[in-house]
Number of protein chains: 2
Amino acid sequence: MIRPAIQSMTGYQPGEQPRRGKVIKLNTNENPYPPSPRVVEAIRQAAEAGLQKYPDPMAGAFRLRAAEVLADDLPQITPEWILCGNGSDDILTILTRTFVGEGDLLRYPKPSYVLYKTLADIQGAQVDVVDFQADWQLGERFTAATDRLRLAFVANPNSPSGTVLSVAEVAKLADSLPCPLVVDEAYVDFAEANCLSLVGENPSVIVTRTLSKSYALAGLRFGYCVAQPQVIEQLVKVKDSYNCDALSIAAATAAIDDQAWLKQNCEKVLATRARMADAFKDKGFVITDSQANFVWCTHESRDLKQLYEDLKSAGILVRYMSYDGWPEGIRVSVGTDDQVDACLAML
Amino acid sequence: MIRPAIQSMTGYQPGEQPRRGKVIKLNTNENPYPPSPRVVEAIRQAAEAGLQKYPDPMAGAFRLRAAEVLADDLPQITPEWILCGNGSDDILTILTRTFVGEGDLLRYPKPSYVLYKTLADIQGAQVDVVDFQADWQLGERFTAATDRLRLAFVANPNSPSGTVLSVAEVAKLADSLPCPLVVDEAYVDFAEANCLSLVGENPSVIVTRTLSKSYALAGLRFGYCVAQPQVIEQLVKVKDSYNCDALSIAAATAAIDDQAWLKQNCEKVLATRARMADAFKDKGFVITDSQANFVWCTHESRDLKQLYEDLKSAGILVRYMSYDGWPEGIRVSVGTDDQVDACLAML
């Protein structure tokens with residue numbers, strides 16, 4: 001009695017999340033540092049204020065503060081340009097449900113975030129997977145007009161490569177595509193540029209963000225998207241009424257308010273990333289230039305599946321990834337300096 | 001570029017949630033009392049432990065404790081029979097997406113929870129709405145085999161009536177229906193019986209629960225469903241990977257662990273409900289016998305829309321509801337004794 005689309009699909013497998021034991025966890029791109037102390041204080045206050053009432057369905061406090069912060073990149077932004085979600089996965093789900101119906105087509109590059117396929121599968125939709133070029137750019141094939149193409153996703157920075165498309169390149173993709181383009185900016189705070197300005201220029205561009213990575217709040221589940229207000233109005237119909245809880249709204253508002261913390265945290269992560277990249281290169285790995293909080297490592301001769309297993313046995317989790325037609329690799333999240341040193345020592 | 005099903009639908013309108021001002025809020029069936037103090041303590045501990053890591057995708061701690069608590073009603077239950085969600089709305093969404101595709105049919109009674117129609121609309125599905133009988137029971141029409149019927153919802157206790165179908169009656173519905181039956185037990189802790197035992201007898205029965213009402217945690221967003229493990233396995237594919245956050249998992253586990261608090265809270269609510277029902281009757285309202293934390297009031301002559309407006313002007317929010325073909329009514333949530341007295345004084 002299950003829908004055939006669901007029965008036949010394989011569910012998305014999130015990275016390993018060991019609940020006990022002492023593990024150096026460099027497999028799911030979490031921030032190695034705790035969040036801003038203001039976040040913990042905001043949670044305490046919200047919990048003590050009582051949780052018996054429903055939360056604000058639109059997370060108004062966050063939208064208000066976020067609009068102020070994001071105005072640096074998108075001057076015309078107001079709270080009406082922002083939709084909050086239970087993690088950016090919730091936002092990606094809402095977007096897919098809004099644009100992609102049964103039998104429709106969803107396009108995304110490869111290698112990239114494998115969740116995109118799951119989102120299409122659940123809708124009973126088809127996917128059109130376009131390989132990155134050898135230089136991690138996308139050619140004209142990505143913008144081809146195809147029957148029933150309804151939505152395209154681009155993770156920028158991309159995972160697992162950590163590479164970016166320039167803002168000008170993303171603008172060109174958006175202009176050429178016959179459907180909306182979602183720019184998944186989960187890792188953008190670790191990059192040199194972002195695509196927020198494009199949302200002002202093109203109603204077909206939707207930028208998604210998460211507080212999981214750069215704000216060190218993966219456990220909180222809070223993300224958002226920025227789009228023109230007439231798009232947000234439609235997305236609201238698809239979201240669960242109370243998709244963000246009172247604690248996460250308070251915490252996320254405190255987090256985005258603390259831009260000084262964000263800046264300092266990103267500086268630490270970027271310094272460690274540079275050191276990691278050099279060290280991996282010294283050990284013979286092939287590294288792509290990363291603008292995210294992880295490093296993608298391939299190797300011409302080593303068995304990386306075995307390396308992943310060996311590291312795991314030693315209590316160090318990294319993400320082994322193998323995409324059909326691409327060299328296998330390990331994606332190593334930027335940890336603390338001590339965690340990274342422990343990982344390097346094992347290699 | 002929006003899917004036609006979304007473009008043409010009207011979004012679900014949650015009850016008014018005023019964010020400021022002193023309002024007596026009796027419109028969305030929240031618990032008037034704060035949650036167990038153990039919940040606040042669990043949140044504080046989880047927040048201080050750090051939120052930078054992803055939460056447990058399956059909310060294992062909750063499932064473990066819930067299985068112990070629910071074994072009183074369903075002896076064979078194990079954690080594998082439970083799926084947690086970001087509020088029971090998340091669970092209802094997951095269920096609809098798992099069973100109901102574009103052009104399929106979803107059945108539910110009327111008057112009942114209007115979200116069921118929204119869930120079908122988002123899927124591009126049709127609804128088959130079956131009127132309750134005058135005695136708030138469901139006739140054979142509800143179990144008729146209809147082409148493309150994929151799922152049926154029954155809120156039990158029902159909203160806005162607060163009435164129940166007996167466990168035997170629900171068992172009969174489930175046996176007769178050609179599709180799975182979701183028994184939405186959001187209000188069941190205020191009722192005399194529940195349908196959990198039916199899940200053991202019939203793989204087509206799925207019971208959903210929420211911590212929003214009886215556990216006073218509407219702001220937290222935590223709900224779950226109980227179904228046979230082979231059903232849960234399919235639902236897992238459809239949920240967002242990390243649909244419950246670390247704070248809500250810790251809080252919900254503490255909440256379900258404190259059954260003494262639950263018992264005491266329900267006793268208070270039930271005592272006030274009895275007093276409310278009598279008082280409304282004395283004032284000439286027609287009341288259905290409620291087994292939930294609200295009372296459904298109709299009146300033979302009073303203009304209830306006007307009454308709702310008058311109460312609102314006086315700072316008292318109740319829910320005015322008008323279902324096509326049914327007498328209009330106001331649904332008044334059980335508040336504290338003081339809140340209820342204030343409401344009664346205004347009538």
# chains A, B, ... in the order shown; residues from 1 in each chain; ligands from 1
$ interface_residues --of "chain A" --to "chain B" --cutoff "6 Å" --atoms "only C-alpha atoms" --output "list in words"
Ile2, Arg3, Gly11, Glu30, Asn31, Pro34, Val40, Ala47, Gly50, Leu51, Gln52, Lys53, Tyr54, Pro55, Thr98, Phe99, Ala216, Leu217, Ala218, Gly219, Leu220, Arg221, Lys237, Asp245 and Ala246 of chain A
$ write_last_selection --atoms "N, CA and C atoms" --output "compact mmCIF listing (two decimals), in the first residue's frame"
# COMPACT_ATOMS: atom_id res chain seq x y z
N ILE A 2 2.17 1.05 0.11
CA ILE A 2 3.13 2.15 0.02
C ILE A 2 3.16 2.64 -1.43
N ARG A 3 3.34 3.94 -1.67
CA ARG A 3 3.48 4.45 -3.04
C ARG A 3 4.65 3.73 -3.71
N GLY A 11 16.48 4.97 0.83
CA GLY A 11 16.48 6.21 1.61
C GLY A 11 17.86 6.84 1.64
N GLU A 30 30.68 19.12 10.39
CA GLU A 30 30.24 19.91 11.53
C GLU A 30 31.35 20.87 11.93
N ASN A 31 31.00 21.92 12.59
CA ASN A 31 31.98 22.86 13.13
C ASN A 31 32.59 22.21 14.37
N PRO A 34 32.16 24.91 19.78
CA PRO A 34 30.78 25.14 20.23
C PRO A 34 30.26 26.47 19.70
N VAL A 40 23.43 29.70 23.69
CA VAL A 40 23.07 28.87 24.85
C VAL A 40 22.20 29.69 25.81
N ALA A 47 13.52 28.41 27.08
CA ALA A 47 13.02 27.23 27.80
C ALA A 47 12.32 27.64 29.09
N GLY A 50 8.78 29.05 29.09
CA GLY A 50 7.68 28.10 28.92
C GLY A 50 7.52 27.71 27.46
N LEU A 51 7.22 26.43 27.26
CA LEU A 51 7.14 25.93 25.88
C LEU A 51 5.73 25.46 25.55
N GLN A 52 4.77 25.83 26.40
CA GLN A 52 3.42 25.29 26.18
C GLN A 52 2.69 25.93 25.02
N LYS A 53 3.16 27.09 24.56
CA LYS A 53 2.48 27.75 23.43
C LYS A 53 3.17 27.42 22.11
N TYR A 54 2.40 27.44 21.02
CA TYR A 54 2.98 27.22 19.70
C TYR A 54 3.97 28.32 19.38
N PRO A 55 4.99 27.98 18.60
CA PRO A 55 5.98 29.01 18.21
C PRO A 55 5.40 29.90 17.11
N THR A 98 7.45 22.24 -3.99
CA THR A 98 6.78 23.38 -4.62
C THR A 98 6.91 23.36 -6.14
N PHE A 99 8.05 22.89 -6.63
CA PHE A 99 8.32 23.02 -8.06
C PHE A 99 8.24 21.70 -8.84
N ALA A 216 27.90 26.53 13.80
CA ALA A 216 28.12 25.42 14.75
C ALA A 216 26.83 24.95 15.41
N LEU A 217 25.75 24.88 14.60
CA LEU A 217 24.45 24.53 15.17
C LEU A 217 23.75 23.38 14.43
N ALA A 218 24.54 22.39 14.03
CA ALA A 218 23.95 21.23 13.33
C ALA A 218 22.88 20.55 14.19
N GLY A 219 23.09 20.55 15.50
CA GLY A 219 22.13 19.90 16.41
C GLY A 219 20.83 20.64 16.57
N LEU A 220 20.80 21.89 16.12
CA LEU A 220 19.62 22.75 16.35
C LEU A 220 18.58 22.62 15.25
N ARG A 221 19.02 22.29 14.04
CA ARG A 221 18.17 22.24 12.85
C ARG A 221 17.58 23.61 12.55
N LYS A 237 3.04 27.92 1.66
CA LYS A 237 1.90 26.99 1.59
C LYS A 237 2.34 25.54 1.80
N ASP A 245 10.83 25.38 15.83
CA ASP A 245 10.38 25.40 17.22
C ASP A 245 10.86 26.66 17.94
N ALA A 246 10.26 26.91 19.09
CA ALA A 246 10.54 28.15 19.83
C ALA A 246 12.00 28.25 20.26
$ residues_around --residues "Val188 in chain B" --least-positions-apart "5" --cutoff "9 Å" --atoms "only C-alpha atoms" --output "compact mmCIF listing (two decimals) with all heavy atoms, in the first residue's frame"
# COMPACT_ATOMS: atom_id res chain seq x y z
N ASN B 156 -8.97 11.14 16.75
CA ASN B 156 -9.73 10.47 17.80
C ASN B 156 -9.00 10.61 19.14
O ASN B 156 -7.99 9.93 19.34
CB ASN B 156 -9.89 8.98 17.44
CG ASN B 156 -11.02 8.32 18.19
OD1 ASN B 156 -12.10 8.88 18.30
ND2 ASN B 156 -10.76 7.12 18.71
N PRO B 157 -9.49 11.49 20.03
CA PRO B 157 -10.65 12.37 19.95
C PRO B 157 -10.60 13.30 18.74
O PRO B 157 -9.51 13.66 18.30
CB PRO B 157 -10.58 13.18 21.25
CG PRO B 157 -9.79 12.35 22.19
CD PRO B 157 -8.84 11.60 21.35
N ALA B 193 -9.80 6.15 26.52
CA ALA B 193 -9.19 4.97 25.90
C ALA B 193 -8.34 5.39 24.71
O ALA B 193 -8.45 6.52 24.23
CB ALA B 193 -10.29 4.01 25.42
N ASN B 194 -7.46 4.50 24.26
CA ASN B 194 -6.67 4.80 23.06
C ASN B 194 -6.61 3.56 22.17
O ASN B 194 -6.98 2.46 22.59
CB ASN B 194 -5.27 5.28 23.44
CG ASN B 194 -4.43 4.18 24.02
OD1 ASN B 194 -4.05 3.24 23.33
ND2 ASN B 194 -4.13 4.26 25.32
N ARG B 209 0.80 10.58 17.66
CA ARG B 209 0.72 11.27 18.95
C ARG B 209 1.54 12.56 18.90
O ARG B 209 2.44 12.69 18.07
CB ARG B 209 1.33 10.38 20.06
CG ARG B 209 0.60 9.06 20.30
CD ARG B 209 -0.49 9.23 21.32
NE ARG B 209 -1.26 8.01 21.54
CZ ARG B 209 -1.05 7.14 22.52
NH1 ARG B 209 -0.05 7.33 23.36
NH2 ARG B 209 -1.83 6.09 22.66
N SER B 214 -0.91 17.37 25.80
CA SER B 214 -0.91 16.89 27.17
C SER B 214 0.44 17.08 27.87
O SER B 214 0.50 17.14 29.09
CB SER B 214 -1.30 15.41 27.21
OG SER B 214 -0.45 14.65 26.37
N GLN B 291 -13.81 14.59 25.12
CA GLN B 291 -12.73 13.79 25.71
C GLN B 291 -11.38 14.40 25.34
O GLN B 291 -10.36 13.71 25.33
CB GLN B 291 -12.83 12.34 25.24
CG GLN B 291 -14.11 11.65 25.75
CD GLN B 291 -13.92 10.17 26.01
OE1 GLN B 291 -12.80 9.68 26.12
NE2 GLN B 291 -15.02 9.47 26.14
N ALA B 292 -11.36 15.70 25.06
CA ALA B 292 -10.13 16.38 24.70
C ALA B 292 -9.92 17.58 25.64
O ALA B 292 -10.65 17.73 26.62
CB ALA B 292 -10.19 16.83 23.25
$ select_by_dssp --residues "range 109-272 of chain B" --states "helix (DSSP H, G or I)" --output "ChimeraX atom specification"
/B:115-123,140-143,167-176,188-190,196-201,229-238,246-257,259-272
$ residues_around --residues "Ile316 in chain A" --least-positions-apart "3" --cutoff "9 Å" --atoms "only C-alpha atoms" --output "tab-separated table (two decimals) with N, CA and C atoms, in the first residue's frame"
chain	number	residue	atom	x	y	z
A	23	VAL	N	35.28	9.63	19.67
A	23	VAL	CA	35.55	9.60	18.24
A	23	VAL	C	35.93	10.99	17.77
A	24	ILE	N	36.95	11.06	16.92
A	24	ILE	CA	37.25	12.33	16.25
A	24	ILE	C	36.42	12.35	14.98
A	25	LYS	N	35.47	13.26	14.96
A	25	LYS	CA	34.42	13.20	13.95
A	25	LYS	C	34.69	14.22	12.86
A	26	LEU	N	35.24	13.74	11.75
A	26	LEU	CA	35.55	14.64	10.63
A	26	LEU	C	34.81	14.17	9.39
A	27	ASN	N	33.58	13.67	9.59
A	27	ASN	CA	32.87	13.05	8.46
A	27	ASN	C	31.62	13.78	7.99
A	308	TYR	N	39.97	4.74	4.85
A	308	TYR	CA	38.80	5.14	5.65
A	308	TYR	C	38.55	4.14	6.78
A	310	ASP	N	40.71	2.03	8.10
A	310	ASP	CA	41.81	2.07	9.07
A	310	ASP	C	41.65	3.25	10.03
A	311	LEU	N	41.30	4.40	9.46
A	311	LEU	CA	41.09	5.59	10.30
A	311	LEU	C	39.94	5.35	11.28
A	312	LYS	N	38.89	4.72	10.79
A	312	LYS	CA	37.73	4.44	11.64
A	312	LYS	C	38.12	3.53	12.81
A	313	SER	N	38.92	2.54	12.51
A	313	SER	CA	39.38	1.63	13.58
A	313	SER	C	40.16	2.40	14.63
A	339	GLN	N	42.55	17.78	16.49
A	339	GLN	CA	41.89	16.69	15.77
A	339	GLN	C	42.57	16.44	14.43
A	342	ALA	N	45.85	14.69	14.86
A	342	ALA	CA	45.66	13.26	15.13
A	342	ALA	C	45.38	12.51	13.83
A	343	CYS	N	44.58	13.10	12.98
A	343	CYS	CA	44.25	12.47	11.69
A	343	CYS	C	45.51	12.38	10.82
A	346	MET	N	47.92	9.66	11.79
A	346	MET	CA	47.48	8.32	11.38
A	346	MET	C	47.79	8.03	9.91
$ closest_residue --among "A:Asp337, A:Glu328, A:Leu304, A:Leu149" --to "Ser161 in chain A" --atoms "only C-alpha atoms"
A:Glu328
$ closest_residue --among "B:Glu185, B:Asp303, B:Glu309, B:Glu192" --to "Thr208 in chain B" --atoms "only C-alpha atoms"
B:Glu185
$ select_by_dssp --residues "range 83-124 of chain B" --states "strand (DSSP E or B)" --output "short mmCIF file (atom, residue, chain, number, x, y, z; two decimals) with N, CA, C and O atoms, in the first residue's frame"
data_model
loop_
_atom_site.label_atom_id
_atom_site.label_comp_id
_atom_site.auth_asym_id
_atom_site.auth_seq_id
_atom_site.Cartn_x
_atom_site.Cartn_y
_atom_site.Cartn_z
N LEU B 83 8.28 6.09 15.17
CA LEU B 83 8.99 7.08 14.35
C LEU B 83 8.72 8.47 14.95
O LEU B 83 7.57 8.83 15.20
N CYS B 84 9.80 9.22 15.16
CA CYS B 84 9.65 10.55 15.75
C CYS B 84 9.60 11.62 14.67
O CYS B 84 10.20 11.47 13.61
N GLY B 85 8.91 12.71 14.99
CA GLY B 85 8.78 13.80 14.02
C GLY B 85 8.83 15.16 14.67
O GLY B 85 8.70 15.28 15.89
N LEU B 105 -6.42 9.40 -3.67
CA LEU B 105 -7.54 9.87 -2.85
C LEU B 105 -7.23 9.69 -1.36
O LEU B 105 -6.78 8.62 -0.93
N LEU B 106 -7.47 10.75 -0.62
CA LEU B 106 -7.30 10.73 0.85
C LEU B 106 -8.67 10.97 1.47
O LEU B 106 -9.38 11.89 1.09
N ARG B 107 -9.04 10.14 2.44
CA ARG B 107 -10.37 10.25 3.05
C ARG B 107 -10.27 10.70 4.50
O ARG B 107 -9.38 10.26 5.23
N TYR B 108 -11.18 11.54 4.92
CA TYR B 108 -11.26 11.95 6.32
C TYR B 108 -12.66 12.47 6.62
O TYR B 108 -13.41 12.81 5.72
N PRO B 109 -13.00 12.52 7.90
CA PRO B 109 -14.36 12.94 8.27
C PRO B 109 -14.47 14.46 8.35
O PRO B 109 -13.47 15.17 8.36
N LYS B 110 -15.70 14.91 8.44
CA LYS B 110 -15.98 16.34 8.60
C LYS B 110 -17.07 16.50 9.63
O LYS B 110 -18.02 15.73 9.60
#
$ residues_around --residues "Phe280 in chain B" --least-positions-apart "4" --cutoff "12 Å" --atoms "only C-alpha atoms" --output "mmCIF file with C-alpha atoms, in the first residue's frame"
data_model
loop_
_atom_site.group_PDB
_atom_site.id
_atom_site.type_symbol
_atom_site.label_atom_id
_atom_site.label_comp_id
_atom_site.auth_asym_id
_atom_site.auth_seq_id
_atom_site.Cartn_x
_atom_site.Cartn_y
_atom_site.Cartn_z
ATOM 1 C CA ARG B 273 -13.102 20.899 31.487
ATOM 2 C CA ALA B 274 -16.006 19.462 33.494
ATOM 3 C CA ARG B 275 -16.605 22.821 35.149
ATOM 4 C CA MET B 276 -16.428 24.632 31.773
ATOM 5 C CA GLY B 284 -27.524 28.070 26.901
ATOM 6 C CA PHE B 285 -24.782 26.608 24.729
ATOM 7 C CA VAL B 286 -25.085 23.163 23.212
ATOM 8 C CA ILE B 287 -22.030 21.136 24.233
ATOM 9 C CA THR B 288 -20.734 17.829 22.919
ATOM 10 C CA ASP B 289 -19.237 15.524 25.553
ATOM 11 C CA VAL B 295 -15.081 22.207 24.516
ATOM 12 C CA TRP B 296 -17.110 22.623 21.329
ATOM 13 C CA CYS B 297 -19.972 25.040 21.790
ATOM 14 C CA THR B 298 -22.823 25.719 19.414
ATOM 15 C CA HIS B 299 -25.853 27.851 20.173
ATOM 16 C CA ILE B 330 -16.666 28.187 19.012
ATOM 17 C CA ARG B 331 -13.999 25.818 20.249
ATOM 18 C CA VAL B 332 -12.706 26.859 23.639
ATOM 19 C CA VAL B 340 -11.808 30.054 32.157
ATOM 20 C CA ASP B 341 -13.495 32.237 34.764
ATOM 21 C CA CYS B 343 -13.940 33.856 29.665
ATOM 22 C CA LEU B 344 -17.164 32.831 31.376
ATOM 23 C CA ALA B 345 -17.550 36.266 32.921
ATOM 24 C CA MET B 346 -17.399 37.832 29.453
ATOM 25 C CA LEU B 347 -20.147 35.527 28.156
#
$ atom_distance --atom1 "CA of Lys281 in chain B" --atom2 "CA of Phe294 in chain B"
14.3 Å
$ closest_residue --among "A:Arg319, A:Asp128, A:Glu68, A:Asn293" --to "Lys268 in chain A" --atoms "only C-alpha atoms"
A:Asn293
$ residues_around --residues "Gln76 in chain A" --least-positions-apart "3" --cutoff "10 Å" --atoms "only C-alpha atoms" --output "PyMOL selection string"
chain A and resi 67+70-73+81+197+199-200
$ atom_distance --atom1 "CA of Val318 in chain B" --atom2 "CA of Lys22 in chain B"
14.4 Å
$ atom_distance --atom1 "CA of Arg38 in chain B" --atom2 "CA of Asp258 in chain B"
7.7 Å
$ residues_around --residues "Val130 in chain A" --least-positions-apart "2" --cutoff "12 Å" --atoms "only C-alpha atoms" --output "compact mmCIF listing (two decimals) with N, CA and C atoms, in the first residue's frame"
# COMPACT_ATOMS: atom_id res chain seq x y z
N LEU A 106 14.27 16.98 -12.23
CA LEU A 106 15.12 17.79 -11.36
C LEU A 106 16.57 17.61 -11.81
N ARG A 107 17.29 18.73 -11.99
CA ARG A 107 18.67 18.66 -12.49
C ARG A 107 19.65 19.09 -11.41
N TYR A 108 20.79 18.40 -11.37
CA TYR A 108 21.85 18.79 -10.44
C TYR A 108 23.17 18.21 -10.94
N PRO A 109 24.28 18.75 -10.47
CA PRO A 109 25.59 18.27 -10.95
C PRO A 109 26.05 17.04 -10.17
N LYS A 110 27.10 16.44 -10.70
CA LYS A 110 27.72 15.28 -10.05
C LYS A 110 29.24 15.46 -10.16
N PRO A 111 29.99 15.16 -9.14
CA PRO A 111 29.56 14.72 -7.80
C PRO A 111 29.03 15.90 -6.98
N SER A 112 27.97 15.67 -6.23
CA SER A 112 27.44 16.72 -5.37
C SER A 112 26.62 16.08 -4.24
N VAL A 127 15.53 12.41 -12.38
CA VAL A 127 16.67 13.31 -12.19
C VAL A 127 17.49 13.38 -13.47
N ASP A 128 18.07 14.54 -13.69
CA ASP A 128 18.99 14.73 -14.81
C ASP A 128 20.31 15.16 -14.20
N PHE A 132 30.17 17.44 -13.57
CA PHE A 132 31.08 18.59 -13.57
C PHE A 132 32.16 18.34 -14.63
N GLN A 133 32.69 19.44 -15.19
CA GLN A 133 33.87 19.31 -16.06
C GLN A 133 35.08 19.02 -15.18
N TRP A 136 35.87 21.41 -12.52
CA TRP A 136 34.77 21.62 -11.56
C TRP A 136 33.87 22.80 -11.94
N GLN A 137 33.78 23.09 -13.24
CA GLN A 137 32.82 24.06 -13.73
C GLN A 137 31.70 23.30 -14.45
N LEU A 138 30.62 24.02 -14.77
CA LEU A 138 29.50 23.39 -15.47
C LEU A 138 29.40 23.95 -16.88
N GLY A 139 29.26 23.08 -17.85
CA GLY A 139 29.16 23.53 -19.24
C GLY A 139 27.73 23.82 -19.64
N GLU A 140 27.52 24.00 -20.93
CA GLU A 140 26.20 24.38 -21.45
C GLU A 140 25.18 23.27 -21.25
N ARG A 141 25.64 22.06 -21.17
CA ARG A 141 24.74 20.93 -20.92
C ARG A 141 23.86 21.17 -19.70
N PHE A 142 24.37 21.91 -18.71
CA PHE A 142 23.60 22.11 -17.48
C PHE A 142 22.39 23.01 -17.68
N THR A 143 22.42 23.86 -18.71
CA THR A 143 21.30 24.80 -18.88
C THR A 143 20.39 24.42 -20.05
N ALA A 144 20.61 23.24 -20.61
CA ALA A 144 19.80 22.82 -21.75
C ALA A 144 18.30 22.79 -21.39
N ALA A 152 16.53 23.25 -10.78
CA ALA A 152 17.93 22.83 -10.77
C ALA A 152 18.55 23.21 -9.43
N PHE A 153 19.39 22.34 -8.92
CA PHE A 153 20.13 22.59 -7.69
C PHE A 153 21.61 22.73 -8.01
N VAL A 154 22.27 23.69 -7.40
CA VAL A 154 23.73 23.75 -7.43
C VAL A 154 24.22 24.04 -6.02
